[in-house]
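Pasted below: structure-v3.pdb, PDB, C-alpha atoms.
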ATOM      1  CA  GLU A   1      11.826-103.294 -33.871  1.00  0.00           C
ATOM      2  CA  LYS A   2      10.143-101.794 -30.813  1.00  0.00           C
ATOM      3  CA  PRO A   3      12.539-101.229 -27.865  1.00  0.00           C
ATOM      4  CA  ASP A   4      11.816-102.862 -24.494  1.00  0.00           C
ATOM      5  CA  PHE A   5      12.690 -99.624 -22.730  1.00  0.00           C
ATOM      6  CA  LEU A   6      11.300 -96.121 -22.950  1.00  0.00           C
ATOM      7  CA  TYR A   7      11.984 -93.557 -20.225  1.00  0.00           C
ATOM      8  CA  SER A   8       9.689 -90.579 -19.789  1.00  0.00           C
ATOM      9  CA  ASN A   9      10.189 -87.611 -17.488  1.00  0.00           C
ATOM     10  CA  LEU A  10       6.682 -86.546 -18.483  1.00  0.00           C
ATOM     11  CA  GLY A  11       5.424 -89.972 -17.385  1.00  0.00           C
ATOM     12  CA  LEU A  12       7.162 -89.670 -14.004  1.00  0.00           C
ATOM     13  CA  GLY A  13       5.707 -86.185 -13.601  1.00  0.00           C
ATOM     14  CA  PHE A  14       2.219 -87.533 -14.301  1.00  0.00           C
ATOM     15  CA  LEU A  15       2.818 -90.471 -11.952  1.00  0.00           C
ATOM     16  CA  GLY A  16       3.791 -88.143  -9.093  1.00  0.00           C
ATOM     17  CA  GLN A  17       0.641 -86.083  -9.612  1.00  0.00           C
ATOM     18  CA  ALA A  18      -1.544 -89.187  -9.926  1.00  0.00           C
ATOM     19  CA  LEU A  19      -0.176 -90.579  -6.638  1.00  0.00           C
ATOM     20  CA  ALA A  20      -0.828 -87.238  -4.942  1.00  0.00           C
ATOM     21  CA  ASN A  21      -4.372 -87.128  -6.339  1.00  0.00           C
ATOM     22  CA  ARG A  22      -4.988 -90.688  -5.136  1.00  0.00           C
ATOM     23  CA  ALA A  23      -3.792 -89.693  -1.636  1.00  0.00           C
ATOM     24  CA  ASP A  24      -5.958 -86.541  -1.814  1.00  0.00           C
ATOM     25  CA  THR A  25      -3.004 -84.250  -1.171  1.00  0.00           C
ATOM     26  CA  SER A  26      -0.355 -82.275  -3.041  1.00  0.00           C
ATOM     27  CA  TYR A  27       2.781 -83.913  -4.405  1.00  0.00           C
ATOM     28  CA  PRO A  28       5.066 -81.912  -2.056  1.00  0.00           C
ATOM     29  CA  GLU A  29       2.962 -82.958   0.951  1.00  0.00           C
ATOM     30  CA  LEU A  30       2.869 -86.612  -0.140  1.00  0.00           C
ATOM     31  CA  LEU A  31       6.643 -86.622  -0.655  1.00  0.00           C
ATOM     32  CA  LYS A  32       7.140 -85.105   2.791  1.00  0.00           C
ATOM     33  CA  ARG A  33       4.810 -87.571   4.532  1.00  0.00           C
ATOM     34  CA  VAL A  34       5.871 -90.776   2.755  1.00  0.00           C
ATOM     35  CA  VAL A  35       9.589 -90.238   2.097  1.00  0.00           C
ATOM     36  CA  LEU A  36      11.182 -87.188   3.683  1.00  0.00           C
ATOM     37  CA  GLU A  37       9.866 -87.410   7.251  1.00  0.00           C
ATOM     38  CA  PRO A  38      10.349 -91.183   7.662  1.00  0.00           C
ATOM     39  CA  LEU A  39      13.923 -90.928   6.351  1.00  0.00           C
ATOM     40  CA  GLU A  40      14.613 -87.724   8.341  1.00  0.00           C
ATOM     41  CA  MET A  41      15.556 -85.846   5.173  1.00  0.00           C
ATOM     42  CA  ARG A  42      15.160 -82.351   6.632  1.00  0.00           C
ATOM     43  CA  ASP A  43      17.020 -80.525   3.854  1.00  0.00           C
ATOM     44  CA  THR A  44      14.992 -81.901   0.953  1.00  0.00           C
ATOM     45  CA  THR A  45      11.985 -80.081  -0.449  1.00  0.00           C
ATOM     46  CA  ILE A  46      10.323 -78.802  -3.571  1.00  0.00           C
ATOM     47  CA  ALA A  47       9.720 -75.225  -2.404  1.00  0.00           C
ATOM     48  CA  LEU A  48      12.742 -73.755  -0.638  1.00  0.00           C
ATOM     49  CA  SER A  49      12.288 -71.927   2.640  1.00  0.00           C
ATOM     50  CA  ALA A  50      13.822 -68.455   2.987  1.00  0.00           C
ATOM     51  CA  GLU A  51      16.771 -70.017   4.862  1.00  0.00           C
ATOM     52  CA  GLN A  52      17.262 -72.701   2.203  1.00  0.00           C
ATOM     53  CA  GLN A  53      17.022 -70.084  -0.546  1.00  0.00           C
ATOM     54  CA  ARG A  54      19.919 -68.147   1.034  1.00  0.00           C
ATOM     55  CA  HIS A  55      22.104 -71.279   0.757  1.00  0.00           C
ATOM     56  CA  PHE A  56      20.884 -72.352  -2.694  1.00  0.00           C
ATOM     57  CA  VAL A  57      23.885 -72.390  -5.036  1.00  0.00           C
ATOM     58  CA  PRO A  58      23.246 -70.603  -8.365  1.00  0.00           C
ATOM     59  CA  GLY A  59      23.088 -72.818 -11.437  1.00  0.00           C
ATOM     60  CA  TYR A  60      24.789 -72.431 -14.813  1.00  0.00           C
ATOM     61  CA  ASN A  61      24.078 -73.679 -18.308  1.00  0.00           C
ATOM     62  CA  ALA A  62      26.485 -75.638 -20.506  1.00  0.00           C
ATOM     63  CA  ALA A  63      28.111 -72.367 -21.629  1.00  0.00           C
ATOM     64  CA  LEU A  64      28.675 -71.485 -17.925  1.00  0.00           C
ATOM     65  CA  GLN A  65      26.186 -68.620 -18.077  1.00  0.00           C
ATOM     66  CA  PRO A  66      23.751 -68.166 -15.168  1.00  0.00           C
ATOM     67  CA  ALA A  67      20.693 -70.403 -15.543  1.00  0.00           C
ATOM     68  CA  HIS A  68      17.303 -70.193 -13.874  1.00  0.00           C
ATOM     69  CA  ALA A  69      16.335 -73.196 -11.721  1.00  0.00           C
ATOM     70  CA  TRP A  70      13.245 -74.894 -13.106  1.00  0.00           C
ATOM     71  CA  ASP A  71       9.958 -74.923 -11.202  1.00  0.00           C
ATOM     72  CA  LEU A  72       8.008 -77.940 -12.430  1.00  0.00           C
ATOM     73  CA  ASP A  73       4.702 -77.358 -10.601  1.00  0.00           C
ATOM     74  CA  ALA A  74       2.221 -80.087 -11.675  1.00  0.00           C
ATOM     75  CA  LEU A  75       5.051 -82.240 -13.054  1.00  0.00           C
ATOM     76  CA  ALA A  76       7.115 -82.091  -9.853  1.00  0.00           C
ATOM     77  CA  GLY A  77       7.586 -85.871  -9.890  1.00  0.00           C
ATOM     78  CA  ALA A  78       9.794 -85.415 -12.964  1.00  0.00           C
ATOM     79  CA  GLY A  79      12.554 -83.636 -11.066  1.00  0.00           C
ATOM     80  CA  ALA A  80      11.470 -80.732  -8.867  1.00  0.00           C
ATOM     81  CA  ILE A  81      13.063 -82.063  -5.668  1.00  0.00           C
ATOM     82  CA  ARG A  82      15.847 -79.945  -4.218  1.00  0.00           C
ATOM     83  CA  SER A  83      18.181 -81.593  -1.763  1.00  0.00           C
ATOM     84  CA  THR A  84      21.592 -81.660  -0.166  1.00  0.00           C
ATOM     85  CA  ALA A  85      24.277 -84.303  -0.604  1.00  0.00           C
ATOM     86  CA  GLY A  86      23.768 -85.360   3.027  1.00  0.00           C
ATOM     87  CA  ASP A  87      20.056 -85.959   2.561  1.00  0.00           C
ATOM     88  CA  MET A  88      20.609 -87.783  -0.718  1.00  0.00           C
ATOM     89  CA  LEU A  89      23.051 -90.093   1.048  1.00  0.00           C
ATOM     90  CA  LYS A  90      20.284 -90.874   3.576  1.00  0.00           C
ATOM     91  CA  TYR A  91      18.033 -91.801   0.667  1.00  0.00           C
ATOM     92  CA  LEU A  92      20.702 -93.983  -0.947  1.00  0.00           C
ATOM     93  CA  GLU A  93      21.433 -95.625   2.419  1.00  0.00           C
ATOM     94  CA  SER A  94      17.744 -96.505   2.617  1.00  0.00           C
ATOM     95  CA  ASN A  95      18.045 -98.172  -0.783  1.00  0.00           C
ATOM     96  CA  LEU A  96      21.005-100.193   0.472  1.00  0.00           C
ATOM     97  CA  HIS A  97      19.428-101.053   3.830  1.00  0.00           C
ATOM     98  CA  PRO A  98      15.656-100.519   3.626  1.00  0.00           C
ATOM     99  CA  PRO A  99      13.984 -99.346   6.817  1.00  0.00           C
ATOM    100  CA  ALA A 100      11.766-101.819   8.665  1.00  0.00           C
ATOM    101  CA  LEU A 101       8.250-102.165   7.270  1.00  0.00           C
ATOM    102  CA  SER A 102       9.231-100.655   3.911  1.00  0.00           C
ATOM    103  CA  ALA A 103       8.572-102.958   0.978  1.00  0.00           C
ATOM    104  CA  ALA A 104       8.848-100.038  -1.438  1.00  0.00           C
ATOM    105  CA  PHE A 105      12.646 -99.990  -1.658  1.00  0.00           C
ATOM    106  CA  PRO A 106      13.254-103.636  -2.669  1.00  0.00           C
ATOM    107  CA  GLY A 107      10.296-103.477  -5.077  1.00  0.00           C
ATOM    108  CA  SER A 108      11.801-100.437  -6.770  1.00  0.00           C
ATOM    109  CA  HIS A 109      14.970-102.450  -7.488  1.00  0.00           C
ATOM    110  CA  GLU A 110      13.215-105.239  -9.395  1.00  0.00           C
ATOM    111  CA  LEU A 111      14.629-105.254 -12.933  1.00  0.00           C
ATOM    112  CA  ARG A 112      11.901-104.921 -15.535  1.00  0.00           C
ATOM    113  CA  ALA A 113      13.363-104.306 -19.007  1.00  0.00           C
ATOM    114  CA  ASP A 114      16.551-104.191 -21.049  1.00  0.00           C
ATOM    115  CA  VAL A 115      17.909-100.723 -21.760  1.00  0.00           C
ATOM    116  CA  GLY A 116      20.917-101.707 -23.818  1.00  0.00           C
ATOM    117  CA  PRO A 117      23.969-103.915 -23.569  1.00  0.00           C
ATOM    118  CA  GLY A 118      24.765-104.524 -19.897  1.00  0.00           C
ATOM    119  CA  THR A 119      21.994-102.241 -18.580  1.00  0.00           C
ATOM    120  CA  ARG A 120      18.496-102.978 -17.286  1.00  0.00           C
ATOM    121  CA  ILE A 121      15.900-100.732 -15.657  1.00  0.00           C
ATOM    122  CA  ALA A 122      13.836-101.133 -12.511  1.00  0.00           C
ATOM    123  CA  TYR A 123      11.105 -98.530 -11.931  1.00  0.00           C
ATOM    124  CA  ALA A 124      13.475 -95.589 -12.277  1.00  0.00           C
ATOM    125  CA  TRP A 125      16.852 -97.024 -11.278  1.00  0.00           C
ATOM    126  CA  LEU A 126      19.139 -98.199 -14.067  1.00  0.00           C
ATOM    127  CA  CYS A 127      21.247-101.232 -13.254  1.00  0.00           C
ATOM    128  CA  ASN A 128      24.690-102.190 -14.543  1.00  0.00           C
ATOM    129  CA  THR A 129      24.193-105.936 -14.858  1.00  0.00           C
ATOM    130  CA  ALA A 130      27.924-106.712 -14.639  1.00  0.00           C
ATOM    131  CA  SER A 131      28.505-104.883 -11.336  1.00  0.00           C
ATOM    132  CA  GLY A 132      24.965-104.932  -9.918  1.00  0.00           C
ATOM    133  CA  ASP A 133      25.194-101.172  -9.266  1.00  0.00           C
ATOM    134  CA  TYR A 134      22.010 -99.094  -9.499  1.00  0.00           C
ATOM    135  CA  TRP A 135      22.224 -95.524 -10.765  1.00  0.00           C
ATOM    136  CA  HIS A 136      20.238 -92.592 -12.076  1.00  0.00           C
ATOM    137  CA  ASN A 137      21.277 -89.227 -13.382  1.00  0.00           C
ATOM    138  CA  GLY A 138      19.390 -86.109 -14.264  1.00  0.00           C
ATOM    139  CA  ALA A 139      19.549 -82.475 -15.195  1.00  0.00           C
ATOM    140  CA  THR A 140      17.325 -79.441 -14.850  1.00  0.00           C
ATOM    141  CA  GLY A 141      17.906 -75.749 -15.462  1.00  0.00           C
ATOM    142  CA  GLY A 142      21.451 -75.118 -14.237  1.00  0.00           C
ATOM    143  CA  TYR A 143      21.929 -78.376 -12.330  1.00  0.00           C
ATOM    144  CA  SER A 144      23.037 -81.983 -12.906  1.00  0.00           C
ATOM    145  CA  SER A 145      23.095 -84.972 -10.605  1.00  0.00           C
ATOM    146  CA  TYR A 146      24.291 -88.553 -10.454  1.00  0.00           C
ATOM    147  CA  ALA A 147      23.339 -91.090  -7.791  1.00  0.00           C
ATOM    148  CA  LEU A 148      24.651 -94.637  -7.463  1.00  0.00           C
ATOM    149  CA  PHE A 149      24.365 -97.381  -4.883  1.00  0.00           C
ATOM    150  CA  SER A 150      26.058-100.749  -4.868  1.00  0.00           C
ATOM    151  CA  PRO A 151      24.318-103.532  -2.932  1.00  0.00           C
ATOM    152  CA  GLN A 152      27.314-105.833  -3.496  1.00  0.00           C
ATOM    153  CA  GLY A 153      29.882-103.257  -2.396  1.00  0.00           C
ATOM    154  CA  ASN A 154      27.637-101.706   0.279  1.00  0.00           C
ATOM    155  CA  TYR A 155      28.390 -98.131  -0.754  1.00  0.00           C
ATOM    156  CA  ALA A 156      26.636 -95.156  -2.311  1.00  0.00           C
ATOM    157  CA  VAL A 157      27.757 -92.082  -4.234  1.00  0.00           C
ATOM    158  CA  ILE A 158      25.995 -88.809  -4.939  1.00  0.00           C
ATOM    159  CA  ALA A 159      27.246 -85.958  -7.090  1.00  0.00           C
ATOM    160  CA  LEU A 160      25.291 -82.700  -7.240  1.00  0.00           C
ATOM    161  CA  VAL A 161      26.650 -80.184  -9.725  1.00  0.00           C
ATOM    162  CA  ASN A 162      25.485 -76.623 -10.381  1.00  0.00           C
ATOM    163  CA  VAL A 163      26.047 -76.852 -14.149  1.00  0.00           C
ATOM    164  CA  THR A 164      23.692 -78.338 -16.718  1.00  0.00           C
ATOM    165  CA  ASN A 165      25.181 -81.286 -18.609  1.00  0.00           C
ATOM    166  CA  ARG A 166      27.576 -80.168 -21.306  1.00  0.00           C
ATOM    167  CA  ARG A 167      26.269 -82.700 -23.823  1.00  0.00           C
ATOM    168  CA  PRO A 168      23.167 -84.901 -23.819  1.00  0.00           C
ATOM    169  CA  GLY A 169      23.637 -88.189 -22.005  1.00  0.00           C
ATOM    170  CA  SER A 170      26.819 -87.125 -20.211  1.00  0.00           C
ATOM    171  CA  PHE A 171      27.406 -86.224 -16.617  1.00  0.00           C
ATOM    172  CA  ALA A 172      30.477 -84.022 -17.018  1.00  0.00           C
TER     173      ALA A 172
END
With the file now loaded, output its structure as structure tokens.
Amino acid sequence: EKPDFLYSNLGLGFLGQALANRADTSYPELLKRVVLEPLEMRDTTIALSAEQQRHFVPGYNAALQPAHAWDLDALAGAGAIRSTAGDMLKYLESNLHPPALSAAFPGSHELRADVGPGTRIAYAWLCNTASGDYWHNGATGGYSSYALFSPQGNYAVIALVNVTNRRPGSFA
């Protein structure tokens, strides 16, 4: 039986590049213009400045050995964004309380397919159907993350960790 849900980092990478091509700009510039500047996310980027690089925490693999941060280039939409907890909380706050004139946030919360028992997916947010919480996690070379926002509880959580997941599908 064919599943209703398939998630693809490659697909999100292609989508980011396609959107940038459609806007006749680069993905980093499109991200800056459409998301980062309107939300005043000043510490979020794809390419770190010299100052940001000095504060960039080194990453580690599952064996706690130093790991090289990934540079995703043309597939940046798959997970090349580097941010701070403070900026990510601004983003999550915007998901809880969308800015005026922004139809993108509510549209991105529309549930589209079953993932498994008690879980559905919107565009990229997974939703716990019992609690109504939206979440997404991820990992790249030396780093893991987990973001959650609860429309019912009116709260958000972000965890940024400088260790790659210890086992597939886990956060810790």
Task: Point-to-point distance from atom CA of Leu36 of chain A to atom CA of Asp87 of chain A, Å rounded to tenths - done: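 The value is 9.0 Å.
Distance check against Pro38 of chain A using all atoms listed in the file: of A:Leu126, A:Ala100, A:Val57, A:Ala78, the minimum falls on A:Ala100.
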Open item on the list: What does the structure give for the distance between atom CA of Thr119 of chain A and atom CA of Ile158 of chain A, in Å to one decimal?
Closed with: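 Pair atom CA of Thr119 of chain A / atom CA of Ile158 of chain A returns 19.6 Å.
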Task: Shell of 8 Å around Trp125 of chain A, only C-alpha atoms, local chain residues under 6 positions omitted, as a list in words - done: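 The filter keeps Ser108, His109, Tyr134, Trp135 and His136 of chain A.
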Task: For segment 33-35 of chain A: contacts at 12 Å, only C-alpha atoms, fewer than 2 positions along chain excluded, given as a list in words - done: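 Returned residues: Leu19, Ala20, Ala23, Thr25, Ser26, Tyr27, Pro28, Glu29, Leu30, Leu31, Glu37, Pro38, Leu39, Glu40, Met41, Arg42, Thr44, Thr45, Ile81, Asp87, Met88, Lys90, Tyr91, Ser94, Asn95, Pro99, Ser102, Ala104 and Phe105 of chain A.
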- [ ] Calculate how many Å separate atom CA of Ala62 of chain A from atom CA of Cys127 of chain A, rounding to one decimal.
- [x]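 Distance between the two atoms: 27.1 Å.
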- [ ] Skip Ser144 of chain A itself and residues of its chain fewer than 6 positions away, then list as a VMD selection string all residues within 9 Å of it, counting all atoms listed in the file.
- [x] chain A and resid 137 to 138 159 to 165 171 to 172
